[in-house]
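Okay, my_file.pdb now, which holds PDB, C-alpha atoms and all ligand atoms:
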MODEL        1
ATOM      1  CA  MET Q   1     -35.049  -9.921  -2.080
ATOM      2  CA  SER Q   2     -31.496  -9.346  -0.834
ATOM      3  CA  CYS Q   3     -29.767  -6.125  -1.790
ATOM      4  CA  ARG Q   4     -25.945  -6.210  -1.772
ATOM      5  CA  ILE Q   5     -23.922  -3.025  -1.735
ATOM      6  CA  VAL Q   6     -20.173  -3.345  -2.306
ATOM      7  CA  ILE Q   7     -18.065  -0.796  -0.410
ATOM      8  CA  PHE Q   8     -14.820  -0.883  -2.383
ATOM      9  CA  TYR Q   9     -12.010   1.143  -0.863
ATOM     10  CA  PHE Q  10      -8.347   1.387   0.055
ATOM     11  CA  SER Q  11      -7.053   2.818   3.330
ATOM     12  CA  ARG Q  12      -3.409   2.881   4.380
ATOM     13  CA  HIS Q  13      -3.779   4.479   7.800
ATOM     14  CA  GLY Q  14      -7.476   4.004   8.640
ATOM     15  CA  ALA Q  15      -9.094   7.382   7.896
ATOM     16  CA  THR Q  16     -10.840   6.246   4.705
ATOM     17  CA  GLN Q  17     -11.780   3.065   6.546
ATOM     18  CA  GLN Q  18     -13.689   5.093   9.159
ATOM     19  CA  LEU Q  19     -15.808   6.502   6.334
ATOM     20  CA  ALA Q  20     -16.249   3.017   4.825
ATOM     21  CA  ASP Q  21     -17.511   1.735   8.183
ATOM     22  CA  ALA Q  22     -19.972   4.639   8.612
ATOM     23  CA  ILE Q  23     -21.235   4.067   5.058
ATOM     24  CA  ALA Q  24     -21.707   0.358   5.893
ATOM     25  CA  GLU Q  25     -23.773   1.430   8.899
ATOM     26  CA  GLY Q  26     -26.036   3.448   6.573
ATOM     27  CA  VAL Q  27     -26.340   0.488   4.193
ATOM     28  CA  SER Q  28     -27.419  -1.790   7.063
ATOM     29  CA  LYS Q  29     -29.856   0.833   8.400
ATOM     30  CA  ALA Q  30     -31.563   0.818   5.010
ATOM     31  CA  GLY Q  31     -31.987  -2.966   5.171
ATOM     32  CA  ALA Q  32     -29.280  -3.820   2.616
ATOM     33  CA  GLU Q  33     -26.114  -5.894   3.036
ATOM     34  CA  PRO Q  34     -22.743  -4.101   3.020
ATOM     35  CA  LEU Q  35     -19.914  -6.108   1.412
ATOM     36  CA  MET Q  36     -16.522  -4.633   2.359
ATOM     37  CA  ARG Q  37     -13.946  -5.009  -0.399
ATOM     38  CA  THR Q  38     -10.429  -3.713  -0.981
ATOM     39  CA  VAL Q  39      -7.460  -4.087  -3.339
ATOM     40  CA  GLU Q  40      -4.293  -6.183  -2.943
ATOM     41  CA  SER Q  41      -1.773  -4.127  -0.958
ATOM     42  CA  ASP Q  42       0.796  -4.451   1.798
ATOM     43  CA  SER Q  43      -0.392  -6.197   4.945
ATOM     44  CA  GLU Q  44       0.202  -3.005   6.973
ATOM     45  CA  ALA Q  45      -2.658  -1.213   5.214
ATOM     46  CA  LYS Q  46      -5.710  -0.938   7.492
ATOM     47  CA  SER Q  47      -7.943  -2.037   4.623
ATOM     48  CA  ALA Q  48      -6.052  -5.389   4.507
ATOM     49  CA  ARG Q  49      -8.613  -6.430   7.152
ATOM     50  CA  ASP Q  50     -11.115  -6.832   4.268
ATOM     51  CA  ILE Q  51     -11.038  -9.233   1.341
ATOM     52  CA  SER Q  52      -9.900  -8.220  -2.139
ATOM     53  CA  ILE Q  53     -12.550  -7.340  -4.685
ATOM     54  CA  SER Q  54     -13.274  -9.855  -7.434
ATOM     55  CA  ARG Q  55     -14.706  -9.069 -10.813
ATOM     56  CA  ASP Q  56     -17.696 -11.270  -9.902
ATOM     57  CA  ASP Q  57     -18.477  -8.712  -7.174
ATOM     58  CA  LEU Q  58     -19.262  -6.217  -9.943
ATOM     59  CA  LYS Q  59     -21.743  -8.613 -11.573
ATOM     60  CA  GLN Q  60     -23.390  -9.719  -8.345
ATOM     61  CA  CYS Q  61     -23.758  -6.430  -6.445
ATOM     62  CA  ASP Q  62     -26.809  -4.163  -6.547
ATOM     63  CA  GLY Q  63     -24.753  -1.000  -5.957
ATOM     64  CA  LEU Q  64     -21.133   0.019  -5.378
ATOM     65  CA  ILE Q  65     -19.551   2.778  -3.281
ATOM     66  CA  LEU Q  66     -15.908   3.587  -4.084
ATOM     67  CA  GLY Q  67     -13.497   5.245  -1.642
ATOM     68  CA  SER Q  68      -9.845   6.291  -1.592
ATOM     69  CA  PRO Q  69      -7.460   8.500   0.322
ATOM     70  CA  THR Q  70      -6.769  11.699  -1.630
ATOM     71  CA  ARG Q  71      -3.398  11.126  -3.306
ATOM     72  CA  PHE Q  72      -2.124  14.222  -5.077
ATOM     73  CA  GLY Q  73      -5.712  15.136  -5.857
ATOM     74  CA  HIS Q  74      -6.895  11.773  -7.141
ATOM     75  CA  MET Q  75      -7.447   8.112  -6.230
ATOM     76  CA  ALA Q  76      -4.772   5.685  -4.991
ATOM     77  CA  SER Q  77      -3.127   3.741  -7.827
ATOM     78  CA  GLY Q  78      -4.249   0.275  -6.651
ATOM     79  CA  LEU Q  79      -7.881   1.244  -7.184
ATOM     80  CA  GLN Q  80      -7.159   2.691 -10.618
ATOM     81  CA  LYS Q  81      -5.261  -0.505 -11.525
ATOM     82  CA  PHE Q  82      -8.313  -2.588 -10.617
ATOM     83  CA  TRP Q  83     -10.607  -0.474 -12.832
ATOM     84  CA  GLU Q  84      -8.174  -0.907 -15.703
ATOM     85  CA  SER Q  85      -8.690  -4.684 -15.432
ATOM     86  CA  THR Q  86     -12.472  -4.461 -15.853
ATOM     87  CA  SER Q  87     -12.861  -4.150 -19.643
ATOM     88  CA  SER Q  88     -14.900  -7.357 -19.943
ATOM     89  CA  GLU Q  89     -17.293  -6.308 -17.143
ATOM     90  CA  TRP Q  90     -17.543  -2.885 -18.791
ATOM     91  CA  LEU Q  91     -18.393  -4.471 -22.174
ATOM     92  CA  ALA Q  92     -20.921  -6.805 -20.502
ATOM     93  CA  GLY Q  93     -22.581  -3.907 -18.637
ATOM     94  CA  ALA Q  94     -22.014  -5.599 -15.255
ATOM     95  CA  LEU Q  95     -22.599  -2.339 -13.342
ATOM     96  CA  GLU Q  96     -24.947  -0.641 -15.794
ATOM     97  CA  ASP Q  97     -27.766   1.368 -14.154
ATOM     98  CA  LYS Q  98     -26.774   0.278 -10.627
ATOM     99  CA  PRO Q  99     -26.383   3.154  -8.150
ATOM    100  CA  GLY Q 100     -22.817   4.210  -7.341
ATOM    101  CA  ALA Q 101     -21.238   6.785  -5.047
ATOM    102  CA  VAL Q 102     -17.803   7.944  -3.860
ATOM    103  CA  PHE Q 103     -15.876   8.958  -0.734
ATOM    104  CA  THR Q 104     -12.423  10.209   0.259
ATOM    105  CA  SER Q 105     -10.208  11.290   3.138
ATOM    106  CA  SER Q 106      -7.503  13.942   2.787
ATOM    107  CA  GLN Q 107      -4.951  15.501   5.114
ATOM    108  CA  SER Q 108      -5.925  19.099   4.431
ATOM    109  CA  LEU Q 109      -9.170  20.959   3.895
ATOM    110  CA  HIS Q 110      -8.275  22.286   0.450
ATOM    111  CA  GLY Q 111      -5.922  19.448  -0.505
ATOM    112  CA  GLY Q 112      -7.948  18.070  -3.406
ATOM    113  CA  GLN Q 113     -11.010  16.336  -1.948
ATOM    114  CA  GLU Q 114     -13.360  17.559  -4.654
ATOM    115  CA  SER Q 115     -11.042  16.583  -7.511
ATOM    116  CA  THR Q 116     -10.623  13.144  -5.924
ATOM    117  CA  LEU Q 117     -14.378  12.687  -5.527
ATOM    118  CA  LEU Q 118     -15.014  13.768  -9.117
ATOM    119  CA  THR Q 119     -12.283  11.534 -10.552
ATOM    120  CA  LEU Q 120     -13.448   8.568  -8.436
ATOM    121  CA  ALA Q 121     -16.817   9.033 -10.136
ATOM    122  CA  LEU Q 122     -15.365   8.675 -13.644
ATOM    123  CA  PRO Q 123     -14.933   4.864 -13.782
ATOM    124  CA  LEU Q 124     -18.423   4.500 -12.296
ATOM    125  CA  LEU Q 125     -19.875   6.699 -15.038
ATOM    126  CA  HIS Q 126     -17.942   4.812 -17.720
ATOM    127  CA  HIS Q 127     -19.435   1.592 -16.350
ATOM    128  CA  GLY Q 128     -22.889   3.123 -16.810
ATOM    129  CA  MET Q 129     -23.696   3.469 -13.112
ATOM    130  CA  THR Q 130     -26.305   5.890 -11.774
ATOM    131  CA  LEU Q 131     -24.317   8.385  -9.717
ATOM    132  CA  VAL Q 132     -25.661   9.218  -6.260
ATOM    133  CA  GLY Q 133     -24.522  12.172  -4.130
ATOM    134  CA  ILE Q 134     -25.678  13.674  -0.846
ATOM    135  CA  PRO Q 135     -28.578  16.135  -1.210
ATOM    136  CA  TYR Q 136     -28.619  19.559   0.445
ATOM    137  CA  SER Q 137     -31.716  18.463   2.364
ATOM    138  CA  GLU Q 138     -29.159  16.690   4.570
ATOM    139  CA  PRO Q 139     -28.344  19.387   7.192
ATOM    140  CA  ALA Q 140     -24.824  17.984   7.750
ATOM    141  CA  VAL Q 141     -23.810  18.975   4.181
ATOM    142  CA  GLN Q 142     -24.644  22.613   4.943
ATOM    143  CA  GLN Q 143     -23.324  22.685   8.507
ATOM    144  CA  THR Q 144     -20.013  20.819   8.178
ATOM    145  CA  GLN Q 145     -16.782  22.663   8.997
ATOM    146  CA  SER Q 146     -14.633  19.856   7.543
ATOM    147  CA  GLY Q 147     -15.606  17.002   5.166
ATOM    148  CA  GLY Q 148     -18.934  16.019   3.616
ATOM    149  CA  SER Q 149     -20.013  17.331   0.239
ATOM    150  CA  PRO Q 150     -22.773  16.973  -2.340
ATOM    151  CA  TYR Q 151     -20.238  15.001  -4.430
ATOM    152  CA  GLY Q 152     -19.805  12.333  -1.771
ATOM    153  CA  ALA Q 153     -18.747  11.581   1.787
ATOM    154  CA  SER Q 154     -15.386  12.868   2.992
ATOM    155  CA  HIS Q 155     -13.159  13.425   6.014
ATOM    156  CA  VAL Q 156     -10.335  15.863   6.713
ATOM    157  CA  ASP Q 157      -7.777  13.914   8.710
ATOM    158  CA  GLY Q 158      -5.664  17.000   9.456
ATOM    159  CA  ILE Q 159      -8.520  18.563  11.464
ATOM    160  CA  SER Q 160      -9.282  15.468  13.555
ATOM    161  CA  ASN Q 161      -8.217  11.821  13.571
ATOM    162  CA  THR Q 162     -11.821  10.734  13.961
ATOM    163  CA  LEU Q 163     -14.897  11.588  11.906
ATOM    164  CA  SER Q 164     -16.779  14.703  13.000
ATOM    165  CA  ALA Q 165     -20.483  14.228  13.700
ATOM    166  CA  HIS Q 166     -21.284  15.915  10.359
ATOM    167  CA  GLU Q 167     -18.795  13.807   8.382
ATOM    168  CA  ARG Q 168     -20.211  10.667   9.964
ATOM    169  CA  GLN Q 169     -23.794  11.701   9.252
ATOM    170  CA  CYS Q 170     -22.951  12.412   5.575
ATOM    171  CA  ALA Q 171     -21.337   8.970   5.262
ATOM    172  CA  ILE Q 172     -24.293   7.203   6.878
ATOM    173  CA  ARG Q 173     -26.713   9.128   4.661
ATOM    174  CA  LEU Q 174     -24.770   8.194   1.520
ATOM    175  CA  GLY Q 175     -24.883   4.491   2.417
ATOM    176  CA  GLN Q 176     -28.603   4.724   3.132
ATOM    177  CA  ARG Q 177     -29.338   6.620  -0.059
ATOM    178  CA  VAL Q 178     -27.466   4.235  -2.370
ATOM    179  CA  SER Q 179     -29.225   1.295  -0.693
ATOM    180  CA  GLN Q 180     -32.693   2.845  -0.917
ATOM    181  CA  ILE Q 181     -32.173   3.574  -4.620
ATOM    182  CA  ALA Q 182     -30.771   0.068  -5.239
ATOM    183  CA  LYS Q 183     -33.800  -1.478  -3.538
ATOM    184  CA  ALA Q 184     -36.203   0.697  -5.540
ATOM    185  CA  MET Q 185     -34.394  -0.289  -8.749
ATOM    186  CA  GLN Q 186     -34.828  -3.974  -7.932
ATOM    187  CA  GLU Q 187     -38.588  -3.405  -8.121
ATOM    188  CA  LEU Q 188     -38.443  -1.907 -11.639
ATOM    189  CA  PRO Q 189     -39.473  -4.170 -14.530
ATOM    190  CA  LYS Q 190     -36.408  -5.477 -16.405
ATOM    191  CA  PRO Q 191     -36.094  -3.988 -19.931
TER     192      PRO Q 191
HETATM  193  C1  LIG V 201       1.318   9.762  -1.737
HETATM  194  C2  LIG V 201       0.353  10.570  -0.933
HETATM  195  C3  LIG V 201      -0.261  11.660  -1.503
HETATM  196  C4  LIG V 201      -1.153  12.444  -0.766
HETATM  197  N1  LIG V 201      -1.737  13.508  -1.360
HETATM  198  C5  LIG V 201      -2.557  14.301  -0.634
HETATM  199  C6  LIG V 201      -3.187  15.416  -1.238
HETATM  200  O1  LIG V 201      -3.058  15.667  -2.448
HETATM  201  N2  LIG V 201      -3.948  16.211  -0.450
HETATM  202  C7  LIG V 201      -4.133  15.965   0.883
HETATM  203  O2  LIG V 201      -4.808  16.750   1.554
HETATM  204  N3  LIG V 201      -3.612  14.862   1.456
HETATM  205  C8  LIG V 201      -2.832  14.030   0.731
HETATM  206  N4  LIG V 201      -2.282  12.919   1.314
HETATM  207  C9  LIG V 201      -2.683  12.551   2.686
HETATM  208  C10 LIG V 201      -3.842  11.512   2.720
HETATM  209  O3  LIG V 201      -4.829  11.794   1.765
HETATM  210  C11 LIG V 201      -4.516  11.504   4.085
HETATM  211  O4  LIG V 201      -3.573  11.299   5.096
HETATM  212  C12 LIG V 201      -5.620  10.465   4.162
HETATM  213  O5  LIG V 201      -6.451  10.779   5.261
HETATM  214  C13 LIG V 201      -5.066   9.054   4.338
HETATM  215  O6  LIG V 201      -6.131   8.141   4.312
HETATM  216  P1  LIG V 201      -5.986   6.690   4.993
HETATM  217  O7  LIG V 201      -5.790   6.934   6.476
HETATM  218  O8  LIG V 201      -7.283   6.033   4.675
HETATM  219  O9  LIG V 201      -4.803   6.028   4.364
HETATM  220  C14 LIG V 201      -1.416  12.123   0.593
HETATM  221  C15 LIG V 201      -0.805  10.995   1.157
HETATM  222  C16 LIG V 201       0.079  10.230   0.412
HETATM  223  C17 LIG V 201       0.726   9.029   1.046
ENDMDL
END
File written out as structure tokens:
Amino acid sequence: MSCRIVIFYFSRHGATQQLADAIAEGVSKAGAEPLMRTVESDSEAKSARDISISRDDLKQCDGLILGSPTRFGHMASGLQKFWESTSSEWLAGALEDKPGAVFTSSQSLHGGQESTLLTLALPLLHHGMTLVGIPYSEPAVQQTQSGGSPYGASHVDGISNTLSAHERQCAIRLGQRVSQIAKAMQELPKP
């Protein structure tokens, strides 16, 4: 049975996209299919390489991982605008029970990553998703000197333009974990 994980993100300059790509690697490693999706934006945005999300993606996916640059401590407005257009999918329970997770990139270490990760989680919880983080059994969560947290994958762009080994490992692990849970949920009897 195929298992499709939507990686829904926005990235203006490419930092959040590096996380999205590492998460996709984790999804593939777990034997699931990563579907890269973004929001309508200017053609200069790095994430314009990927296609825009459709509301059918919410119905058809088996899990969804949401990522944004940290913008004044919360998600970019284009992503929020999309969630505000999903009332009918919310009422229909399109994402209910499916595993979901979050990721972000910020300029500075204490510039609001955790508030962004927590607020990214809110629409997923309202849609009834099963929230997945990164467990402390993952050594990279304990050892990181930059991004990577139990709340989700992250990167601090002001420390390095590329993902650290720990940030990358956290992102891969998150993609794997969401996929493994999605696959296990496919085996459960339908209520
Ligand atoms: C409008 C705006 C607000 C931002 N707010 C924050 C912030 O609150 N904290 C922070 O550390 N970085 C902030 N940044 C920087 C971005 O989060 C950071 O550069 C991020 O890595 C960009 O991701 P991208 O390369 O995927 O676009 C802000 C950037 C913009 C344009």
Set out as JSON lines a contact list for chain Q and ligand LIG 201 (chain V) with a cut-off of 6 Å, giving each residue of chain Q that qualifies its closest atom pair and distance in Å to one decimal, counting all atoms listed in the file, ordered by chain and rising residue number.
{"residue": "Q:Ser11", "atom": "CA", "partner": "V:LIG201", "partner_atom": "O8", "distance": 3.5}
{"residue": "Q:Arg12", "atom": "CA", "partner": "V:LIG201", "partner_atom": "O9", "distance": 3.4}
{"residue": "Q:His13", "atom": "CA", "partner": "V:LIG201", "partner_atom": "O7", "distance": 3.4}
{"residue": "Q:Gly14", "atom": "CA", "partner": "V:LIG201", "partner_atom": "O7", "distance": 4.0}
{"residue": "Q:Ala15", "atom": "CA", "partner": "V:LIG201", "partner_atom": "O7", "distance": 3.6}
{"residue": "Q:Thr16", "atom": "CA", "partner": "V:LIG201", "partner_atom": "O8", "distance": 3.6}
{"residue": "Q:Gln17", "atom": "CA", "partner": "V:LIG201", "partner_atom": "O8", "distance": 5.7}
{"residue": "Q:Pro69", "atom": "CA", "partner": "V:LIG201", "partner_atom": "O6", "distance": 4.2}
{"residue": "Q:Thr70", "atom": "CA", "partner": "V:LIG201", "partner_atom": "O3", "distance": 3.9}
{"residue": "Q:Arg71", "atom": "CA", "partner": "V:LIG201", "partner_atom": "N1", "distance": 3.5}
{"residue": "Q:Phe72", "atom": "CA", "partner": "V:LIG201", "partner_atom": "O1", "distance": 3.1}
{"residue": "Q:Gly73", "atom": "CA", "partner": "V:LIG201", "partner_atom": "O1", "distance": 4.4}
{"residue": "Q:Ser105", "atom": "CA", "partner": "V:LIG201", "partner_atom": "O5", "distance": 4.3}
{"residue": "Q:Ser106", "atom": "CA", "partner": "V:LIG201", "partner_atom": "O3", "distance": 3.6}
{"residue": "Q:Gln107", "atom": "CA", "partner": "V:LIG201", "partner_atom": "O2", "distance": 3.8}
{"residue": "Q:Ser108", "atom": "CA", "partner": "V:LIG201", "partner_atom": "O2", "distance": 3.9}
{"residue": "Q:Gly111", "atom": "CA", "partner": "V:LIG201", "partner_atom": "O2", "distance": 3.6}
{"residue": "Q:Gly112", "atom": "CA", "partner": "V:LIG201", "partner_atom": "N2", "distance": 5.3}
{"residue": "Q:Asp157", "atom": "CA", "partner": "V:LIG201", "partner_atom": "O5", "distance": 4.8}
Using the chain letters and numbering of this document, enumerate as a PyMOL selection string the residues selected by the PyMOL selection byres (((chain Q and resi 91-100) around 9) and not hetatm). chain Q and resi 56+58-66+86-90+101-102+121+124-125+127-133+178-179+181-182+185
Given the PyMOL selection byres (((chain Q and resi 23-35) around 6) and not hetatm), the residues it picks as number ranges by chain: Q: 3-7, 20-22, 36, 171-172, 175-176, 179
Near Ser164 (chain Q), counting only C-alpha atoms, which residues have an atom at most 12 Å away, once you skip same-chain residues fewer than 5 positions from it, shown as a ChimeraX atom specification? /Q:15,18-19,22,140,143-148,153-159,169-171
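The gap separating CA of Ala76 (chain Q) from CA of Ala45 (chain Q) is 12.5 Å, in Å to one decimal.
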Specify the axis-aligned box that encloses all atoms of region 28-42 of chain Q listed in the file after padding of 5 Å on each side, stating its centre and edge lengths in Å to one decimal as lines of an AutoDock Vina configuration file.
center_x = -15.6
center_y = -2.7
center_z = 2.5
size_x = 42.8
size_y = 17.0
size_z = 21.7
Hey, what's within 10 Å of Ser54 (chain Q) if we count all atoms listed in the file and toss same-chain stuff fewer than 2 positions away? As a count of residues only, please? 10
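CA of Gln80 (chain Q) sits 14.0 Å away from CA of Arg55 (chain Q).
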